[in-house]
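Novice: Below: one structure in structure tokens.
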Amino acid sequence: MIEIKNISKIYNENTVPVQALNEVNLRIEKGEFTAIVGPSGCGKTTLLNILGGLDTPSSGDILIDNANLHQRSSSEMIAFRRDHIGFVFQDYSLMPVLTARENVEFIMELQGKSKVERNSRSTELLTAVGIADKAEKLPNQLSGGQQQRVAVARALASKPKLILADEPTANLDSKSTTDLLDIMRQLNEKENITFVIATHDQRVMDRAKRVIRFDDGKIIEDEVSEKNQASS
Ligand code: ADP
Ligand code: ADP
């Protein structure tokens, strides 16, 4: 599904170069639930940003379903991201003046979906993440765990087959982390959505089907967890 071929990323190439990724090669299959781990500064965020088309590699190619991700024009890239990739961030990144429901429906509005369709889909998604009763609340009326559930519902709005999450549990307590992992694993199992999660969190690694360890811009370990393959 995703082929990462010889990806390197050097920031500040013309001033003080920083090599964030060094010839990374990786295949991610449909339906994986993969944790990208490693010390701060090892390149996790850079990899996720390049995978999601938020940043461009210095060299190398990314093929998603055999199409070269970074050969798109910027307007094609925006449309591709919107329609095919869901993002979840450490700080939730919800729009503060919009309710939970409006945050979830925002992308569907950009896609020109009717109000009836948006409403039924946002209800379905907020129900799936267990906070249908909070649909009309603003983000600052919700706990961190609830906000992150809204963020997951929002990431699902365009029915992406791939969700990229950058430290999604970093600001969550233990119970919220377990609940969020249950929700993400369920989406992975039932809807075959691929998850790639950059994380420091041992609890995420313990639930991942595959753990890829980075150091200094390179993959140093790539391990499949047998016990996490089936539904847990
Ligand atoms: P991680 O997510 O694993 O903490 P990052 O991908 O954020 O790692 O960073 C990898 C390296 O690239 C680090 O040395 C970081 O300081 C550097 N870096 C990240 N983003 C930028 C940027 N926009 N400009 C310059 N250097 C950056
Ligand atoms: P994390 O460790 O969670 O990946 P970081 O603190 O490394 O977060 O980076 C946060 C943001 O700052 C990222 O968007 C990254 O691209 C940017 N960044 C990281 N290092 C640098 C740097 N040296 N110069 C400029 N931007 C950077």
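Labels used: A, B, ... for chains in the order of the structure tokens, numbers from 1 for residues in each chain, and numbers from 1 for ligands as shown.
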Please give the complete set of residues from region 44-131 of chain A that DSSP, run on the backbone, assigns to alpha helix (DSSP H), formatted as an NGL selection string.

Specialist: :A and (44-51 or 74-84 or 100-110 or 115-128)

Novice: Please, which residues have at least one atom within 6 Å of an atom of ligand 2, using only C-alpha atoms and all ligand atoms, listed as a list in words?

Specialist: Ser40, Gly41 and Thr45 of chain A

Novice: Taking 3 positions as the minimum chain separation for residues in the same chain, which residues sit within 8 Å of Ile197 (chain A) when counting only C-alpha atoms? Answer as a PyMOL selection string.

Specialist: chain A and resi 33-36+164-168

Novice: Distance limit 12 Å, reference ligand 1, atoms considered: only C-alpha atoms and all ligand atoms. Which residues make the cut? Give them as a PyMOL selection string.

Specialist: chain A and resi 8-22+36-51+54-57+89-90+165-167+197-200+213-219

Novice: Show which residues sit within 8 Å of Gln148 (chain A), as a list in words. Count only C-alpha atoms, and ignore same-chain residues fewer than 5 positions away.

Specialist: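 Selected residues are Val88, Tyr92, Pro168 and Leu180 of chain A.
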